[in-house]
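> Let me give you the structure first, and then I'll get to my questions.
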Amino acid sequence: MKNSIKITFLLLLGISSLFSCKKGLVEKYESFQPTPVTINYPSIFPDMIIPDDNRPTQEGIALGRALYYDKMLSKNQDKSCSSCHDQTKAFTTFESNSLAHINLAWNHQFLWNGGVQGTLEDVMMFEVEDFFKMNIQLLNNSSVYKTLFKKAYGIDEITSKYVAYALAQFFRILNSTDSKYDRFIKGEVDLNAEEWDGYDIFFTERGDCFHCHGTVLFHDNLFSNNGLDLNPAEGFYAITGNAKDYGKFKTPTLRNIELTAPYMHDGRFETLEEVIQFYSTGVKHDSPNLSPLMKYSSDGGVQLSQEEIQHLIAFLKTLTDPVFTSNSALSNPN
Amino acid sequence: MKATFSAQFNIRTTLLLLSGLLIAVLLLFSCKKDNPEPNPNPPVTVNDSYLRFNHKLDGVMVDFDTVMYTNEFGNNFSVETIRYFVSNIVFVKSNGDFVNVADAIYVDARLEDYKQRKFTSTIPNGEYTELRFTFGLDSTMNQTGAFNNFPEAAMEWPMMMGGGYHYMKLEGRYEDLGAYNHFNFHTGPLNKNKNYFQVAIPMALNVSKGSFDVSLSMEIQNWFRNPNLFDLRTISNGMMGDQTKQELVKNNGFDVFSIE
């Protein structure tokens, strides 16, 4: 009798402990409930690249925004992303000649020479570990960041991976989709006469800009040699080792181009006039692996007149998005 | 004595119950391991289907980037880019029955993933005697916004010139008095003109298990001749905006493709 009671008691004890463990798991899950966010963008844009393990949330985006503006990101705590990526300059700066942080949510390839291929998470990992050489312990010593990471990712120990993930979430809302040109395409505004002629130059073989700088993103997602130099820097070849990639660099977006001087991978041109003058008469025909789209290279380029150059610049200025450069949701939260 | 017997009985009962339970579990799993009766209708393994695109010059797979070819006009030239759309791809039987194979396929001769299209669904078995498709995109399909993602998005044809997408970008260099200049053989819906064309190629395709593997070959030389002979030094200049040139190219396209 005593033994049967013991066996029954043990069974009941085991069953109740099983249920109490389950209750503990439920309690832990309920403490990590980030708020999902849907990132809206125009239907004419490509599908945004979002990995399944880093879906956008309010907490993730807020955390990424805090990190973007925090000098704790860097090894010597002397610079943040925003040090070289100023919102008023469409997230670049003149001094840095950094690629602007515009619409990178639709990119597969990053850096001027294509040094990182993949998702935003991949390039943010590069930034955290290789570029900034971040001291993760500083974040783990911060009760504020510990709380923010707990809310965003449910983790107790902060790692480079989750810093990169949070930054990627913020980058996914750095989207410029509301320039004068966008409103023109939607039929909401008109272009003036100079802008219209510049539009024609851009999108026909007069200027032929659209072949590399077309699509709503104003780039072709490719690497090309546009004939800057007879002896160009190695460019994409440094990544692929393919001799046919020598001298090729990433086609940057032209959105907000009015704000993102200087121009080209080495920042050699300070004004849009210089850029277009290069494409008119300065293309180096014998540059190795010259893009076949530079078909007027034997004449030095597309041979635009000074009036046409000014009209083309007028059109390029319609790609400026003042909403993007002033949106407080993208600004320094401090 | 009575109490001892009762305790022993309870332990024995418990053990017996547990043993019975164990035996039942073992029986259940051992039953699962028995070989089932052979299936009189075993499932047929269906392979994936492929439509492959090969690109040749003078009958040989093209070697990109090297100026080593001569066209009928006498231009020495190279090929650097071959990108195009084919659409409304249909296999036709001798009795007129047909099956739609694909709506639109983007081809890039230099990218492995875009030199063939894989299909996982089957088509009806039978003898197919003709392959038909549209070179390019017809008016219904060729609307700006139809292809928002890369790489197809980069085939965009400007709204200023009618909108939609290029049918083809065929690019390379030609030699001219010792210098090498680029040609851009770009075809498309200039001002919404129907510069696409239909291709119909006889074939002998026997489909017995729902799948197929068909290779299409493009002979690049045929773009430059028959019936119109092209001088690469002049034909591609301003081609996108020249409807006369667009029609000349269209007329040359009838014998560019064959089935291997």
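Please note that chains go A, B, ... in the order of the structure tokens, that every chain numbers its residues from 1, and that ligands are numbered from 1 in the order shown.
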If you run DSSP on this backbone, which residues of segment 22-222 of chain A come out as helix (DSSP H, G or I), and could you give them as a ChimeraX atom specification?
/A:22-30,52-54,58-68,71-73,81-84,87-89,104-106,120-131,136-140,143-153,160-171,180-185,193-203,210-213
> Next, the residues of the selection above should be written as a JSON list (two decimals), in the first residue's frame with C-alpha atoms.

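What follows is the written file part_20.json:
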```json
[["chain", "number", "residue", "atom", "x", "y", "z"],
["A", 22, "LYS", "CA", 5.63, 24.78, -19.83],
["A", 23, "LYS", "CA", 4.23, 27.72, -17.91],
["A", 24, "GLY", "CA", 7.79, 29.08, -17.50],
["A", 25, "LEU", "CA", 8.34, 28.85, -21.27],
["A", 26, "VAL", "CA", 5.10, 30.73, -21.88],
["A", 27, "GLU", "CA", 6.18, 33.48, -19.48],
["A", 28, "LYS", "CA", 9.57, 33.86, -21.23],
["A", 29, "TYR", "CA", 7.94, 34.04, -24.70],
["A", 30, "GLU", "CA", 5.49, 36.72, -23.62],
["A", 52, "ASP", "CA", 13.07, 35.83, -42.85],
["A", 53, "ASP", "CA", 15.20, 36.03, -39.72],
["A", 54, "ASN", "CA", 15.17, 39.84, -39.57],
["A", 58, "GLN", "CA", 9.41, 48.91, -34.31],
["A", 59, "GLU", "CA", 11.95, 47.83, -31.73],
["A", 60, "GLY", "CA", 14.50, 46.68, -34.32],
["A", 61, "ILE", "CA", 14.24, 49.86, -36.35],
["A", 62, "ALA", "CA", 14.48, 52.08, -33.25],
["A", 63, "LEU", "CA", 17.52, 50.17, -32.07],
["A", 64, "GLY", "CA", 19.17, 50.41, -35.48],
["A", 65, "ARG", "CA", 18.51, 54.13, -35.59],
["A", 66, "ALA", "CA", 20.08, 54.61, -32.15],
["A", 67, "LEU", "CA", 23.16, 52.66, -33.23],
["A", 68, "TYR", "CA", 23.45, 54.57, -36.53],
["A", 71, "LYS", "CA", 29.84, 56.85, -31.74],
["A", 72, "MET", "CA", 30.04, 53.84, -29.48],
["A", 73, "LEU", "CA", 29.84, 51.93, -32.76],
["A", 81, "CYS", "CA", 27.64, 56.02, -39.32],
["A", 82, "SER", "CA", 26.23, 59.53, -39.37],
["A", 83, "SER", "CA", 29.74, 61.02, -39.15],
["A", 84, "CYS", "CA", 30.11, 60.25, -42.86],
["A", 87, "GLN", "CA", 20.85, 63.16, -43.63],
["A", 88, "THR", "CA", 20.81, 66.69, -45.07],
["A", 89, "LYS", "CA", 23.18, 65.43, -47.77],
["A", 104, "LEU", "CA", 19.87, 50.21, -50.18],
["A", 105, "ALA", "CA", 17.01, 47.89, -49.23],
["A", 106, "TRP", "CA", 16.89, 46.97, -52.92],
["A", 120, "LEU", "CA", 22.01, 44.53, -45.84],
["A", 121, "GLU", "CA", 22.76, 42.21, -42.92],
["A", 122, "ASP", "CA", 25.92, 41.09, -44.73],
["A", 123, "VAL", "CA", 27.23, 44.58, -45.35],
["A", 124, "MET", "CA", 26.31, 45.72, -41.85],
["A", 125, "MET", "CA", 28.32, 42.81, -40.47],
["A", 126, "PHE", "CA", 31.26, 44.08, -42.50],
["A", 127, "GLU", "CA", 30.74, 47.58, -41.15],
["A", 128, "VAL", "CA", 30.49, 46.45, -37.53],
["A", 129, "GLU", "CA", 33.41, 44.02, -37.51],
["A", 130, "ASP", "CA", 35.76, 45.20, -40.24],
["A", 131, "PHE", "CA", 35.15, 48.90, -40.71],
["A", 136, "ILE", "CA", 30.83, 44.77, -28.35],
["A", 137, "GLN", "CA", 31.58, 44.76, -24.63],
["A", 138, "LEU", "CA", 30.71, 48.43, -24.47],
["A", 139, "LEU", "CA", 27.18, 47.60, -25.55],
["A", 140, "ASN", "CA", 26.97, 44.71, -23.12],
["A", 143, "SER", "CA", 21.93, 48.75, -19.40],
["A", 144, "VAL", "CA", 20.12, 50.88, -21.98],
["A", 145, "TYR", "CA", 21.35, 48.85, -24.93],
["A", 146, "LYS", "CA", 20.85, 45.58, -23.06],
["A", 147, "THR", "CA", 17.20, 46.52, -22.67],
["A", 148, "LEU", "CA", 16.84, 47.65, -26.29],
["A", 149, "PHE", "CA", 18.37, 44.45, -27.65],
["A", 150, "LYS", "CA", 16.24, 42.37, -25.31],
["A", 151, "LYS", "CA", 13.11, 44.04, -26.64],
["A", 152, "ALA", "CA", 14.16, 43.82, -30.27],
["A", 153, "TYR", "CA", 15.68, 40.35, -30.43],
["A", 160, "SER", "CA", 28.00, 41.60, -33.65],
["A", 161, "LYS", "CA", 25.32, 39.73, -35.52],
["A", 162, "TYR", "CA", 22.48, 41.50, -33.75],
["A", 163, "VAL", "CA", 24.15, 44.89, -34.04],
["A", 164, "ALA", "CA", 24.32, 44.26, -37.79],
["A", 165, "TYR", "CA", 20.73, 43.07, -37.86],
["A", 166, "ALA", "CA", 19.46, 46.15, -36.05],
["A", 167, "LEU", "CA", 21.38, 48.47, -38.35],
["A", 168, "ALA", "CA", 19.98, 46.61, -41.36],
["A", 169, "GLN", "CA", 16.46, 47.22, -40.10],
["A", 170, "PHE", "CA", 17.10, 50.96, -39.95],
["A", 171, "PHE", "CA", 18.66, 50.98, -43.40],
["A", 180, "LYS", "CA", 9.68, 65.92, -57.86],
["A", 181, "TYR", "CA", 10.38, 63.33, -60.56],
["A", 182, "ASP", "CA", 8.37, 60.71, -58.67],
["A", 183, "ARG", "CA", 5.44, 63.12, -58.45],
["A", 184, "PHE", "CA", 5.84, 63.91, -62.14],
["A", 185, "ILE", "CA", 5.65, 60.22, -63.00],
["A", 193, "ALA", "CA", 10.81, 73.44, -70.13],
["A", 194, "GLU", "CA", 14.45, 73.02, -69.07],
["A", 195, "GLU", "CA", 13.66, 70.01, -66.89],
["A", 196, "TRP", "CA", 11.63, 68.45, -69.69],
["A", 197, "ASP", "CA", 14.46, 68.81, -72.19],
["A", 198, "GLY", "CA", 16.83, 67.35, -69.60],
["A", 199, "TYR", "CA", 14.39, 64.45, -69.14],
["A", 200, "ASP", "CA", 14.51, 63.85, -72.89],
["A", 201, "ILE", "CA", 18.32, 63.97, -72.91],
["A", 202, "PHE", "CA", 18.46, 61.53, -70.00],
["A", 203, "PHE", "CA", 16.00, 59.01, -71.40],
["A", 210, "PHE", "CA", 19.17, 55.71, -68.80],
["A", 211, "HIS", "CA", 21.07, 52.62, -69.96],
["A", 212, "CYS", "CA", 23.08, 52.59, -66.73],
["A", 213, "HIS", "CA", 21.04, 54.96, -64.58]]
```
> Mind checking DSSP for segment 105-170 of chain A and telling me the strand (DSSP E) residues as a ChimeraX atom specification?
/A:109-110,116-117
> Convert the current residue selection to file output with C-alpha atoms, as a short mmCIF file (atom, residue, chain, number, x, y, z; two decimals), in the first residue's frame.

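That gives us selection30.cif:
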```cif
data_model
loop_
_atom_site.label_atom_id
_atom_site.label_comp_id
_atom_site.auth_asym_id
_atom_site.auth_seq_id
_atom_site.Cartn_x
_atom_site.Cartn_y
_atom_site.Cartn_z
CA GLN A 109 25.84 44.56 -53.95
CA PHE A 110 27.59 47.07 -51.74
CA VAL A 116 30.17 42.90 -50.08
CA GLN A 117 27.56 40.87 -51.93
#
```
> Neighbours of segment 307-314 of chain A within 12 Å (only C-alpha atoms; same-chain residues fewer than 2 positions away dropped), as a ChimeraX atom specification?
/A:180-181,191-204,206-209,254,256-258,271-281,302-305,316-320
> Select residues of chain A: the criterion is any atom within 10 Å of an atom of chain B, counting only C-alpha atoms; output as a short mmCIF file (atom, residue, chain, number, x, y, z; two decimals) with N, CA and C atoms, in the first residue's frame.

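Here's the written file out01.cif:
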```cif
data_model
loop_
_atom_site.label_atom_id
_atom_site.label_comp_id
_atom_site.auth_asym_id
_atom_site.auth_seq_id
_atom_site.Cartn_x
_atom_site.Cartn_y
_atom_site.Cartn_z
N MET A 1 0.84 -1.21 0.00
CA MET A 1 0.00 0.00 0.00
C MET A 1 0.87 1.25 0.00
N LYS A 2 1.83 1.23 0.95
CA LYS A 2 2.71 2.41 1.02
C LYS A 2 3.42 2.64 -0.31
N ASN A 3 3.92 1.57 -0.94
CA ASN A 3 4.68 1.69 -2.20
C ASN A 3 3.80 2.19 -3.32
N SER A 4 2.57 1.70 -3.40
CA SER A 4 1.69 2.16 -4.48
C SER A 4 1.38 3.63 -4.31
N ILE A 5 1.24 4.06 -3.07
CA ILE A 5 1.01 5.49 -2.84
C ILE A 5 2.23 6.29 -3.28
N ILE A 7 4.40 5.49 -5.58
CA ILE A 7 4.48 5.51 -7.04
C ILE A 7 3.51 6.54 -7.60
N SER A 43 4.50 50.75 -55.66
CA SER A 43 4.36 49.44 -56.31
C SER A 43 5.29 49.29 -57.51
N ILE A 44 5.77 50.40 -58.06
CA ILE A 44 6.65 50.30 -59.23
C ILE A 44 8.09 49.96 -58.82
N PHE A 45 8.36 49.95 -57.53
CA PHE A 45 9.69 49.58 -57.07
C PHE A 45 9.83 48.06 -57.08
N PRO A 46 11.08 47.56 -57.12
CA PRO A 46 11.28 46.10 -57.02
C PRO A 46 10.83 45.60 -55.65
N ASP A 47 10.79 44.28 -55.50
CA ASP A 47 10.48 43.71 -54.19
C ASP A 47 11.62 44.01 -53.23
N MET A 48 11.27 44.49 -52.05
CA MET A 48 12.31 44.79 -51.06
C MET A 48 12.92 43.48 -50.56
N TRP A 106 17.08 47.68 -51.65
CA TRP A 106 16.89 46.97 -52.92
C TRP A 106 18.22 46.57 -53.55
N ASN A 107 19.30 46.70 -52.78
CA ASN A 107 20.62 46.36 -53.32
C ASN A 107 21.01 44.94 -52.99
N HIS A 108 21.75 44.33 -53.94
CA HIS A 108 22.38 43.04 -53.68
C HIS A 108 23.88 43.21 -53.50
N ILE A 185 6.03 61.51 -62.44
CA ILE A 185 5.65 60.22 -63.00
C ILE A 185 4.22 59.84 -62.61
N TYR A 199 15.05 65.76 -69.22
CA TYR A 199 14.39 64.45 -69.14
C TYR A 199 14.54 63.72 -70.48
N ASP A 200 14.36 64.46 -71.56
CA ASP A 200 14.51 63.85 -72.89
C ASP A 200 15.97 63.44 -73.14
N ILE A 201 16.89 64.29 -72.75
CA ILE A 201 18.32 63.97 -72.91
C ILE A 201 18.66 62.72 -72.11
N PHE A 202 18.16 62.65 -70.89
CA PHE A 202 18.46 61.53 -70.00
C PHE A 202 17.93 60.21 -70.54
N PHE A 203 16.68 60.26 -71.06
CA PHE A 203 16.00 59.01 -71.40
C PHE A 203 15.96 58.71 -72.89
N THR A 204 16.79 59.36 -73.68
CA THR A 204 16.95 58.98 -75.09
C THR A 204 18.43 58.85 -75.38
N GLU A 205 18.74 58.52 -76.60
CA GLU A 205 20.15 58.34 -76.95
C GLU A 205 20.88 59.67 -77.12
N ARG A 206 20.21 60.79 -76.87
CA ARG A 206 20.91 62.08 -76.86
C ARG A 206 21.96 62.09 -75.75
N PHE A 210 20.09 56.70 -69.37
CA PHE A 210 19.17 55.71 -68.80
C PHE A 210 19.70 54.28 -68.88
N HIS A 211 20.61 54.00 -69.82
CA HIS A 211 21.07 52.62 -69.96
C HIS A 211 21.77 52.12 -68.70
N CYS A 212 22.46 52.99 -67.99
CA CYS A 212 23.08 52.59 -66.73
C CYS A 212 22.32 53.13 -65.52
N HIS A 213 21.70 54.29 -65.71
CA HIS A 213 21.04 54.96 -64.58
C HIS A 213 19.54 54.99 -64.77
N GLY A 214 18.98 53.94 -65.36
CA GLY A 214 17.54 53.84 -65.52
C GLY A 214 16.91 53.10 -64.36
N THR A 215 15.71 52.66 -64.54
CA THR A 215 14.85 52.01 -63.52
C THR A 215 14.50 53.03 -62.43
N VAL A 216 13.56 52.69 -61.60
CA VAL A 216 13.13 53.63 -60.55
C VAL A 216 14.24 53.86 -59.53
N LEU A 217 15.20 52.96 -59.50
CA LEU A 217 16.32 53.11 -58.57
C LEU A 217 17.43 53.99 -59.14
N PHE A 218 17.33 54.28 -60.43
CA PHE A 218 18.34 55.10 -61.12
C PHE A 218 19.73 54.47 -61.07
N HIS A 219 19.76 53.15 -61.12
CA HIS A 219 20.99 52.41 -61.37
C HIS A 219 20.59 51.05 -61.94
N ASP A 220 21.58 50.30 -62.45
CA ASP A 220 21.30 49.02 -63.11
C ASP A 220 21.73 47.82 -62.29
N ASN A 221 22.16 48.06 -61.05
CA ASN A 221 22.59 46.96 -60.19
C ASN A 221 23.82 46.22 -60.75
N LEU A 222 24.62 46.91 -61.55
CA LEU A 222 25.77 46.27 -62.18
C LEU A 222 27.06 47.08 -61.91
N LYS A 244 38.20 40.57 -66.65
CA LYS A 244 37.17 41.35 -67.35
C LYS A 244 36.45 42.31 -66.43
N HIS A 285 38.39 56.33 -74.54
CA HIS A 285 37.96 55.27 -75.45
C HIS A 285 38.74 53.97 -75.23
N ASP A 286 40.02 54.09 -74.93
CA ASP A 286 40.86 52.89 -74.82
C ASP A 286 40.99 52.37 -73.40
N ASN A 289 38.19 47.22 -70.70
CA ASN A 289 36.85 46.77 -70.30
C ASN A 289 35.84 47.91 -70.28
N LEU A 290 36.03 48.88 -71.15
CA LEU A 290 35.07 49.98 -71.26
C LEU A 290 33.68 49.42 -71.54
N SER A 291 32.67 49.97 -70.87
CA SER A 291 31.31 49.48 -71.06
C SER A 291 30.90 49.64 -72.52
N PRO A 292 30.27 48.62 -73.11
CA PRO A 292 29.79 48.76 -74.48
C PRO A 292 28.72 49.84 -74.61
N LEU A 293 28.15 50.24 -73.49
CA LEU A 293 27.14 51.30 -73.55
C LEU A 293 27.77 52.68 -73.78
N MET A 294 29.07 52.78 -73.64
CA MET A 294 29.75 54.05 -73.92
C MET A 294 30.06 54.10 -75.42
N LYS A 295 29.02 54.01 -76.24
CA LYS A 295 29.24 53.79 -77.66
C LYS A 295 29.73 55.02 -78.42
N TYR A 296 29.70 56.18 -77.76
CA TYR A 296 30.23 57.38 -78.40
C TYR A 296 31.64 57.70 -77.91
N SER A 297 32.29 56.72 -77.33
CA SER A 297 33.58 56.97 -76.70
C SER A 297 34.65 57.41 -77.70
N SER A 298 34.53 56.99 -78.95
CA SER A 298 35.54 57.39 -79.94
C SER A 298 35.51 58.89 -80.17
#
```
> Could you check how far atom CA of Lys192 of chain B sits from atom CA of Phe135 of chain B, in Å to one decimal?
15.5 Å
